[in-house]
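Notes follow once the structure below has been shown.
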Amino acid sequence: MYEYDSNEGPAAAVSSVKSVFSRKAVVRMQLLKEVVGGDSYRINNKYDDDHTPLPVSEIIQRAQLLIGQEVSYDLLGSNCEHFVTLLRYGEGVSEQV
């Protein structure tokens, strides 16, 4: 289980994909500040107007169950945005590509 420290920024439940070509990714838990380093970032829940977010406790529980698991990755149909929106809304959505 992780602890959230508001001084350190939100925790990230998933990290970058090892290789776009492998079509697989392993879910890891890292603090968002560790992932972005010195780069700026913002949280964009742009689908909240069209999709109802699940309760935070359910989002966290769903994410924690996937830590260490290998998941499918496909740039067009199963990318990182699909992954996080599936956790947040129960439906994978992406307008990235």
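Here's how to read the names in the structure tokens: chain A, B, ... by the order shown, residue numbers from 1 in each chain, ligand numbers from 1 in the order shown.
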Name the residues in contact with Gly92 of chain A at a cut-off of 9 Å, using only C-alpha atoms, excluding same-chain residues fewer than 2 positions from it; report them as a ChimeraX atom specification.
-> /A:77-78,81-90,94
Could you find all residues in segment 19-73 of chain A that DSSP calls strand (DSSP E) from the backbone, and write them as number ranges by chain?
-> A: 24-26, 30-31, 70-72
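For the residues A:Ile60, A:Arg23, A:Asp39, A:Lys46, ranking by smallest atom-to-atom distance to Leu76 of chain A using only C-alpha atoms places A:Arg23 first.
For the pair atom CA of Ser72 of chain A and atom CA of Ser40 of chain A, the interatomic distance is 28.1 Å.
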Which residue of A:Glu95, A:Val26, A:Arg62, A:Asn79 approaches Tyr47 of chain A most closely, using only C-alpha atoms |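 Of the candidates, the smallest distance to Tyr47 of chain A is held by A:Glu95.
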How far is it from atom CA of Val93 of chain A to atom CA of His51 of chain A, in Å with one decimal?
->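 Computing it gives 9.7 Å between the two atoms.
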Each residue of segment 67-96 of chain A with at least one atom at most 9 Å from segment 28-35 of chain A should appear once, together with its nearest atom pair and the corresponding distance in Å (one decimal); atoms considered: only C-alpha atoms; ordering: chain, then increasing residue number; output as a tab-separated table.
```
residue	atom	partner	partner_atom	distance
A:Ile67	CA	A:Arg28	CA	5.3
A:Gly68	CA	A:Arg28	CA	5.9
A:Gln69	CA	A:Arg28	CA	8.3
```
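Interatomic distance, atom CA of Val71 of chain A to atom CA of Ile59 of chain A: 17.0 Å.
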